[in-house]
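Asker: Here you go, one structure.
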Amino acid sequence: MNKFELRKINSLLRKSLNQVEASDKIVLKIKSLSDFLNAKNILIFYPLKFEINLLELLKVEGKNFYLPKVKEDYLEICPYEGELIKGAFNIMEPLTKPVLPSVIDLAFIPALAADKDLNRLGYGKGYYDRLFSNPLFSAKKIAVINKELVVDKVPTDNFDIKVDAIITD
């Protein structure tokens, strides 16, 4: 199966899943992770309609949260300070000025598919792969995904960058 077919299949499957329940389970798991407990600066994402929703994490005190903002072909990392505006792809983005990727300690990343070898399938635009390949980005990368979207093998290209871990419901 190629990337296009896997995206199509998993996009349809994801629409049938209970994302509220899955998100609650994943948020609980994240809150007990030593990586999360030890991190100070955490990148999360604003969820699309059928994605895992990590926004509950924003209530955790003692952490600085950041959201990505699309700028041309790249993601900028912007502090979350409460105010958001609809940006590229109708995704809510912060109004704050971007920081260097080196600020981030831990990054939670959306995915349409992932496999046991820590390969992640995104939406095909390469935004996260470009972020991960930035020499200033050294944070631990964790894909958050419904357990039903984990597959035996994600097709990869030489520009695809693996995540460090996967969390499912």
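Chains: A, B, ... in order of the structure tokens. Residues: from 1 per chain. Ligands: from 1, in order shown.
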Show me, as CSV, the residues of region 32-110 of chain A having an atom within 7 Å of region 143-153 of chain A, each with the closest atom pair and its distance in Å, using only C-alpha atoms.
Answerer:
residue,atom,partner,partner_atom,distance
A:Ile52,CA,A:Ile145,CA,6.7
A:Phe108,CA,A:Ala143,CA,5.7
A:Ile109,CA,A:Ala143,CA,4.6
A:Pro110,CA,A:Val144,CA,5.7
Asker: Quick one: residues within 8 Å of Lys40 (chain A), only C-alpha atoms, excluding same-chain residues fewer than 4 positions away - as a PyMOL selection string?
Answerer: chain A and resi 62-64+105
Asker: Looking at only C-alpha atoms, which of A:Ile30, A:Asn90, A:Asp164, A:Asn158 is the one that sits closest to Lys49 (chain A)?
Answerer: A:Asn90
Asker: Have a look at A:Leu136, A:Leu12, A:Glu61, A:Thr96 and name the one nearest to Glu83 (chain A); count only C-alpha atoms.
Answerer: A:Thr96
Asker: With distances taken over only C-alpha atoms, which of A:Val99, A:Leu37, A:Met1, A:Val27 is nearest to Thr168 (chain A)?
Answerer: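 Selected residue with least distance to Thr168 (chain A): A:Val27.
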Asker: Identify, with DSSP run on backbone atoms, the residues in chain A assigned to alpha helix (DSSP H), and express the list as a PyMOL selection string.
Answerer: chain A and resi 3-15+19-32+34-38+127-133
Asker: So how many Å separate CA of Lys71 (chain A) and CA of Pro135 (chain A), to one decimal?
Answerer: 18.2 Å
